[in-house]
Amino acid sequence: MAERTDFLTNVRSYRKFMPMTTEEAGRRGGLAVKKKYGPSFYSEIGRKGGQATKKTYGPEFYSGIGEKGGERVKEKHGPSFYSEIGKKGGRTRARKQMELDF
């Protein structure tokens, strides 16, 4: 047991001198921003980024990436996938409507 404790102590002290990985730096930075500005900050910067992209490339840009995404899904899952998710969506919508009626 003493060997294990010594090993962990050595690892922890070595870790203090190791440079931070890019992944760890990003995670720590993201958590600091979330703590400082709150989770809604990310929604706001995403919205602003979307508006800037739309202004730069136009609304057709989004149509193009949507088509590419749809083609990729069709290649991966097949055309019947859309039928399946459509039926699931219809059932969910009907169930929610019934809940509202009561």
# chains A, B, ... in the order shown; residues from 1 in each chain; ligands from 1
$ residues_around --residues "region 82-98 of chain A" --least-positions-apart "6" --cutoff "10 Å" --atoms "only C-alpha atoms" --output "ChimeraX atom specification"
/A:70,73-74
$ write_last_selection --atoms "N, CA and C atoms" --output "PDB file, in the first residue's frame"
ATOM      1  N   GLY A  70     -28.648  16.363 -44.949  1.00  0.00           N
ATOM      2  CA  GLY A  70     -29.719  15.425 -45.284  1.00  0.00           C
ATOM      3  C   GLY A  70     -29.224  14.282 -46.156  1.00  0.00           C
ATOM      4  N   VAL A  73     -27.245  11.858 -43.952  1.00  0.00           N
ATOM      5  CA  VAL A  73     -28.137  11.035 -43.133  1.00  0.00           C
ATOM      6  C   VAL A  73     -28.769   9.942 -43.994  1.00  0.00           C
ATOM      7  N   LYS A  74     -29.179  10.303 -45.206  1.00  0.00           N
ATOM      8  CA  LYS A  74     -29.786   9.328 -46.115  1.00  0.00           C
ATOM      9  C   LYS A  74     -28.790   8.221 -46.472  1.00  0.00           C
TER      10      LYS A  74
END
